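Trainee: Quick one: the structure is below, questions incoming.
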Amino acid sequence: MTENVETRLREALRSEADTMTVTADPWPRFTRREAGHRRARRVRTGAIAAFLAAAVAIQTNLIPLPGWVPGIAVASSPSPLADGPARGDLAADRNWTDGLLRQVVDLQNPGEWWRITDRSDIRIVYADDIPGRRIALLFVPLRLGLLTDSTLVWFSGPPGAEPEQMQQGGNETADTAVATWMESDAENGGAAVVIGPAGSTVTINGFSGYSATGVVESHQLSSSVGTGIGVTSLPPTDLVGGPALAARVTNGDTLIYEGPVYGGWSGSDTGRQELTDEMLTAALRHTRGAVIDRAVLARFIGHALRDSRLSAQDVTIRVRWCGTINDKPAALFTIQPTDGGVIAYAIHGDTTGWRTDLRLLLPADGAEQRPIAWRMRAEGGDARTDRVNLVAPPGAATAAVTALDNTPTPVALDTSGFGSTTIPQDKPATVSASTADGTTFISTPVPAFEANSGGLPGASRNTRITG
């Protein structure tokens with residue numbers, strides 16, 4: 001109770017007392033009762049705070065619970081990769097695997113401490129020597145307070161490493177159907193491993209380029225039938241951003257996984273990725289819209305080059321439009337390697353942070369004459385919205401978006417050719433544009449939201465329009 005409220009209440013009680021027959025000022029009795037109420041509230045608050053503190057301590061594992069206390073599962077603990085016997089030549093070396101199991105430690109993240117629930121439940125999924133490395137993947141049951149979960153943990157070490165030399169590395173959710181690992185550097189190369197369910201076929205492909213027809217070109221690095229294990233060595237590379245690998249895992253006619261091979265790469269892209277003033281000037285030569293800060297634009301383009309594994313010296317860059325989206329500088333630009341396809345990027349943000357709103361691989365033929373549209377996520381989060389932005393090609397007077405009902409929805413264009421509309425986020429659509437005399441440009445699909453942006457542009461169906 002605040003001092004002002006107490007004062008006003010005291011005055012009101014005294015005024016009321018003046019009209020009543022009482023033996024004494026009622027305020028002292030009120031203050032005594034209120035003091036008692038406050039003590040009771042403090043006791044209740046203290047009890048609740050103590051309970052919450054204990055709950056937080058339990059949940060963060062500051063107060064460990066006995067293993068027999070049931071937990072609340074937050075994910076499906078069974079692992080399709082851990083089913084059946086352990087795979088890999090090292091899995092048969094009981095002394096070595098027993099030593100490795102002793103190296104597994106609790107997983108700590110900021111504000112979280114996932115403890116191993118029962119060490120006897122840790123299982124070897126895969127252990128073997130690969131080119132230049134010794135690798136193991138383990139299934140580990142975990143607990144965070146009342147929550148239980150499981151994870152797959154990678155270990156790696158030098159060739160012939162003893163268990164004590166194996167380093168605990170990244171982890172993946174236990175219910176994943178495919179686990180990938182890669183480690184490489186520009187000077188020495190490295191290796192990659194892809195683990196699918198037992199009995200599956202695993203193929204690993206390396207990136208070769210972007211064809212003029214608008215598809216990602218690749219070459220096969222390794223393929224194994226029926227083992228569920230794919231392994232390949234990686235040569236040294238000066239590719240911007242390091243090796244770009246893709247895996248395909250199948251079981252008969254069933255596609256289990258098709259996507260990037262994740263991992264680590266160390267090297268310097270500074271020389272090959274550096275944008276000169278001449279490059280930026282040439283890129284901005286036919287830009288429409290607002291003036292953009294060159295440092296911001298250089299960050300956008302540098303990010304796109306790394307994302308597409310292309311070198312600034314080997315591409316043609318065209319900034320089609322600059323403006324503002326959600327009060328941040330924005331740009332739509334294209335990158336085209338020599339004799340290759342065209343990759344369109346829409347990015348907004350600044351030099352401290354940015355969001356890639358679009359990556360779309362287009363056929364080279366007619367790319368400059370296409371209207372391009374992209375869907376927007378909520379600012380500062382991943383929530384999908386119905387908002388769609390578009391940029392029409394030079395000379396366009398009108399634009400429209402056509403959804404499944406085949407009814408074009410006109411989109412007003414500003415003087416820079418930019419427009420915005422709404423489309424239900426799960427509804428496919430195309431964007432079209434026309435000149436003032438009715439001449440139409442090439443229509444372009446409005447890409448669906450990317451569920452996973454870890455691969456190359458054009459590698460997934462949502463980042464290309466061909467095939």
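All residue names refer to the structure tokens as shown: chains lettered A, B, ... in order, residues numbered from 1 in each chain, ligands numbered from 1 in order.
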Residues of stretch 232-375 of chain A in strand (DSSP E or B) according to DSSP, as a PyMOL selection string?

Mentor: chain A and resi 232-234+245-251+254-260+264-266+288-289+315-325+328-337+342-350+353-362+372-375

Trainee: Fewer than 3 positions away in the same chain doesn't count, so skip those; otherwise give me all residues within 9 Å of A:Pro158, counting only C-alpha atoms, as a VMD selection string.

Mentor: chain A and resid 132 to 135 161 to 162 165 to 166

Trainee: Store the residues of this selection in a file with N, CA and C atoms, as a tab-separated table (two decimals), in the first residue's frame.

Mentor:
chain	number	residue	atom	x	y	z
A	132	GLY	N	41.93	-39.19	-42.45
A	132	GLY	CA	42.49	-38.14	-41.62
A	132	GLY	C	41.83	-37.94	-40.27
A	133	ARG	N	40.86	-38.79	-39.88
A	133	ARG	CA	40.12	-38.58	-38.64
A	133	ARG	C	39.72	-39.92	-38.03
A	134	ARG	N	39.38	-39.87	-36.75
A	134	ARG	CA	38.69	-40.96	-36.09
A	134	ARG	C	37.37	-40.36	-35.58
A	135	ILE	N	36.25	-40.99	-35.92
A	135	ILE	CA	34.93	-40.39	-35.71
A	135	ILE	C	34.04	-41.37	-34.95
A	161	ALA	N	43.24	-42.26	-32.64
A	161	ALA	CA	43.11	-41.62	-31.33
A	161	ALA	C	42.65	-42.60	-30.26
A	162	GLU	N	43.23	-42.45	-29.07
A	162	GLU	CA	42.74	-43.17	-27.91
A	162	GLU	C	41.45	-42.50	-27.43
A	165	GLN	N	41.63	-39.00	-26.25
A	165	GLN	CA	41.96	-37.97	-27.23
A	165	GLN	C	40.74	-37.52	-28.05
A	166	MET	N	39.66	-38.21	-27.90
A	166	MET	CA	38.46	-37.86	-28.67
A	166	MET	C	37.78	-36.65	-28.05

Trainee: Take atom CA of A:Pro424 and atom CA of A:Glu368 and report the distance between them in Å, one decimal.

Mentor: 27.2 Å

Trainee: Please build the interface table for stretch 169-203 of chain A against stretch 92-112 of chain A with a cut-off of 12 Å, listing for each qualifying residue the nearest atom pair and the distance in Å to one decimal; count only C-alpha atoms, order rows by chain and increasing number, and write it as JSON lines.

Mentor:
{"residue": "A:Gly169", "atom": "CA", "partner": "A:Leu107", "partner_atom": "CA", "distance": 10.4}
{"residue": "A:Gly170", "atom": "CA", "partner": "A:Leu107", "partner_atom": "CA", "distance": 10.3}
{"residue": "A:Asn171", "atom": "CA", "partner": "A:Leu107", "partner_atom": "CA", "distance": 9.5}

Trainee: Would you mind exporting N, CA, C and O atoms of the selected residues as an mmCIF file, in the first residue's frame?

Mentor:
data_model
loop_
_atom_site.group_PDB
_atom_site.id
_atom_site.type_symbol
_atom_site.label_atom_id
_atom_site.label_comp_id
_atom_site.auth_asym_id
_atom_site.auth_seq_id
_atom_site.Cartn_x
_atom_site.Cartn_y
_atom_site.Cartn_z
ATOM 1 N N GLY A 169 31.971 -33.044 -29.638
ATOM 2 C CA GLY A 169 31.644 -31.920 -30.511
ATOM 3 C C GLY A 169 30.160 -31.627 -30.564
ATOM 4 O O GLY A 169 29.453 -31.659 -29.556
ATOM 5 N N GLY A 170 29.648 -31.382 -31.764
ATOM 6 C CA GLY A 170 28.257 -31.002 -31.936
ATOM 7 C C GLY A 170 27.301 -32.130 -31.640
ATOM 8 O O GLY A 170 27.675 -33.306 -31.539
ATOM 9 N N ASN A 171 26.040 -31.775 -31.476
ATOM 10 C CA ASN A 171 25.020 -32.781 -31.217
ATOM 11 C C ASN A 171 23.804 -32.523 -32.087
ATOM 12 O O ASN A 171 23.584 -31.409 -32.559
#

Trainee: Which residues, written as a VMD selection string, have at least one atom at most 7 Å from A:Ser208, with only C-alpha atoms counted and residues fewer than 5 positions away on the same chain left out?

Mentor: chain A and resid 217 to 219

Trainee: I need the residues in stretch 244-413 of chain A that are alpha helix (DSSP H) according to DSSP; give them as a ChimeraX atom specification.

Mentor: /A:270-273,277-283,294-308

Trainee: Can I get the selection written as an mmCIF file, in the first residue's frame, with N, CA, C and O atoms?

Mentor:
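See selection_2.cif below for the written result:
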data_model
loop_
_atom_site.group_PDB
_atom_site.id
_atom_site.type_symbol
_atom_site.label_atom_id
_atom_site.label_comp_id
_atom_site.auth_asym_id
_atom_site.auth_seq_id
_atom_site.Cartn_x
_atom_site.Cartn_y
_atom_site.Cartn_z
ATOM 1 N N THR A 270 38.741 -13.570 -47.885
ATOM 2 C CA THR A 270 38.899 -12.125 -48.057
ATOM 3 C C THR A 270 39.286 -11.751 -49.473
ATOM 4 O O THR A 270 38.683 -10.875 -50.089
ATOM 5 N N GLY A 271 40.302 -12.435 -50.017
ATOM 6 C CA GLY A 271 40.776 -12.060 -51.349
ATOM 7 C C GLY A 271 39.742 -12.291 -52.432
ATOM 8 O O GLY A 271 39.514 -11.444 -53.291
ATOM 9 N N ARG A 272 39.087 -13.435 -52.405
ATOM 10 C CA ARG A 272 38.170 -13.800 -53.478
ATOM 11 C C ARG A 272 36.801 -13.150 -53.313
ATOM 12 O O ARG A 272 36.038 -13.067 -54.262
ATOM 13 N N GLN A 273 36.482 -12.717 -52.090
ATOM 14 C CA GLN A 273 35.156 -12.181 -51.844
ATOM 15 C C GLN A 273 35.127 -10.658 -51.839
ATOM 16 O O GLN A 273 34.070 -10.050 -51.830
ATOM 17 N N ASP A 277 35.360 -0.806 -55.238
ATOM 18 C CA ASP A 277 34.473 0.316 -55.550
ATOM 19 C C ASP A 277 33.986 0.231 -56.991
ATOM 20 O O ASP A 277 32.833 0.567 -57.287
ATOM 21 N N GLU A 278 34.860 -0.234 -57.884
ATOM 22 C CA GLU A 278 34.464 -0.366 -59.283
ATOM 23 C C GLU A 278 33.343 -1.387 -59.448
ATOM 24 O O GLU A 278 32.405 -1.189 -60.232
ATOM 25 N N MET A 279 33.421 -2.490 -58.704
ATOM 26 C CA MET A 279 32.382 -3.513 -58.764
ATOM 27 C C MET A 279 31.045 -2.961 -58.270
ATOM 28 O O MET A 279 29.995 -3.193 -58.888
ATOM 29 N N LEU A 280 31.074 -2.239 -57.147
ATOM 30 C CA LEU A 280 29.830 -1.680 -56.614
ATOM 31 C C LEU A 280 29.251 -0.637 -57.555
ATOM 32 O O LEU A 280 28.034 -0.569 -57.763
ATOM 33 N N THR A 281 30.115 0.175 -58.142
ATOM 34 C CA THR A 281 29.630 1.183 -59.083
ATOM 35 C C THR A 281 28.960 0.538 -60.282
ATOM 36 O O THR A 281 27.888 0.965 -60.725
ATOM 37 N N ALA A 282 29.597 -0.511 -60.820
ATOM 38 C CA ALA A 282 29.002 -1.222 -61.958
ATOM 39 C C ALA A 282 27.685 -1.886 -61.555
ATOM 40 O O ALA A 282 26.719 -1.876 -62.322
ATOM 41 N N ALA A 283 27.621 -2.446 -60.345
ATOM 42 C CA ALA A 283 26.403 -3.113 -59.896
ATOM 43 C C ALA A 283 25.243 -2.139 -59.742
ATOM 44 O O ALA A 283 24.076 -2.499 -59.945
ATOM 45 N N ARG A 294 26.696 2.402 -49.219
ATOM 46 C CA ARG A 294 27.533 1.400 -49.882
ATOM 47 C C ARG A 294 28.063 0.349 -48.918
ATOM 48 O O ARG A 294 28.228 -0.816 -49.302
ATOM 49 N N ALA A 295 28.312 0.746 -47.687
ATOM 50 C CA ALA A 295 28.788 -0.238 -46.710
ATOM 51 C C ALA A 295 27.715 -1.281 -46.432
ATOM 52 O O ALA A 295 28.015 -2.474 -46.290
ATOM 53 N N VAL A 296 26.459 -0.847 -46.376
ATOM 54 C CA VAL A 296 25.358 -1.786 -46.157
ATOM 55 C C VAL A 296 25.225 -2.713 -47.356
ATOM 56 O O VAL A 296 25.115 -3.938 -47.209
ATOM 57 N N LEU A 297 25.243 -2.138 -48.560
ATOM 58 C CA LEU A 297 25.115 -2.951 -49.764
ATOM 59 C C LEU A 297 26.271 -3.943 -49.880
ATOM 60 O O LEU A 297 26.065 -5.108 -50.265
ATOM 61 N N ALA A 298 27.472 -3.517 -49.530
ATOM 62 C CA ALA A 298 28.623 -4.419 -49.595
ATOM 63 C C ALA A 298 28.437 -5.601 -48.648
ATOM 64 O O ALA A 298 28.807 -6.742 -48.984
ATOM 65 N N ARG A 299 27.854 -5.359 -47.469
ATOM 66 C CA ARG A 299 27.572 -6.456 -46.538
ATOM 67 C C ARG A 299 26.560 -7.422 -47.133
ATOM 68 O O ARG A 299 26.711 -8.644 -47.031
ATOM 69 N N PHE A 300 25.509 -6.882 -47.722
ATOM 70 C CA PHE A 300 24.489 -7.739 -48.330
ATOM 71 C C PHE A 300 25.095 -8.629 -49.410
ATOM 72 O O PHE A 300 24.885 -9.843 -49.446
ATOM 73 N N ILE A 301 25.845 -8.004 -50.314
ATOM 74 C CA ILE A 301 26.402 -8.760 -51.441
ATOM 75 C C ILE A 301 27.465 -9.743 -50.967
ATOM 76 O O ILE A 301 27.540 -10.887 -51.448
ATOM 77 N N GLY A 302 28.288 -9.327 -49.995
ATOM 78 C CA GLY A 302 29.294 -10.236 -49.456
ATOM 79 C C GLY A 302 28.668 -11.471 -48.837
ATOM 80 O O GLY A 302 29.154 -12.594 -49.020
ATOM 81 N N HIS A 303 27.572 -11.265 -48.124
ATOM 82 C CA HIS A 303 26.853 -12.412 -47.552
ATOM 83 C C HIS A 303 26.322 -13.324 -48.652
ATOM 84 O O HIS A 303 26.417 -14.555 -48.553
ATOM 85 N N ALA A 304 25.761 -12.745 -49.706
ATOM 86 C CA ALA A 304 25.199 -13.546 -50.794
ATOM 87 C C ALA A 304 26.289 -14.339 -51.520
ATOM 88 O O ALA A 304 26.073 -15.492 -51.913
ATOM 89 N N LEU A 305 27.440 -13.741 -51.705
ATOM 90 C CA LEU A 305 28.539 -14.453 -52.358
ATOM 91 C C LEU A 305 28.974 -15.663 -51.534
ATOM 92 O O LEU A 305 29.205 -16.757 -52.074
ATOM 93 N N ARG A 306 29.073 -15.473 -50.250
ATOM 94 C CA ARG A 306 29.463 -16.596 -49.395
ATOM 95 C C ARG A 306 28.378 -17.657 -49.387
ATOM 96 O O ARG A 306 28.674 -18.854 -49.437
ATOM 97 N N ASP A 307 27.127 -17.220 -49.326
ATOM 98 C CA ASP A 307 26.012 -18.163 -49.297
ATOM 99 C C ASP A 307 25.958 -18.994 -50.567
ATOM 100 O O ASP A 307 25.641 -20.188 -50.527
ATOM 101 N N SER A 308 26.281 -18.384 -51.707
ATOM 102 C CA SER A 308 26.210 -19.084 -52.991
ATOM 103 C C SER A 308 27.534 -19.722 -53.396
ATOM 104 O O SER A 308 27.621 -20.340 -54.461
#

Trainee: For a test of reading the model, state the distance in Å between atom CA of A:Asp414 and atom CA of A:Thr439, rounded to one decimal.

Mentor: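 Atom CA of A:Thr439 lies at a distance of 19.0 Å from atom CA of A:Asp414.
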
Trainee: With only C-alpha atoms as the basis for distance, which of A:Ala367, A:Leu255, A:Val391, A:Leu221 is at the shortest distance from A:Gly323?

Mentor: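 For A:Gly323, the nearest of the candidates is A:Val391.
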
Trainee: Write out as a list in words the residues lying within 9 Å of A:Thr435, counting only C-alpha atoms and excluding same-chain residues fewer than 2 positions away.

Mentor: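 My reading of the contact set: Gly395, Ala396, Ala397, Thr398, Ala433, Asp437, Gly438, Thr439, Thr440 and Phe441 of chain A.
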
Trainee: Hey, can you check how far atom CA of A:Gly454 sits from atom CA of A:Pro260?

Mentor: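 Between atom CA of A:Gly454 and atom CA of A:Pro260 the gap is 6.6 Å.
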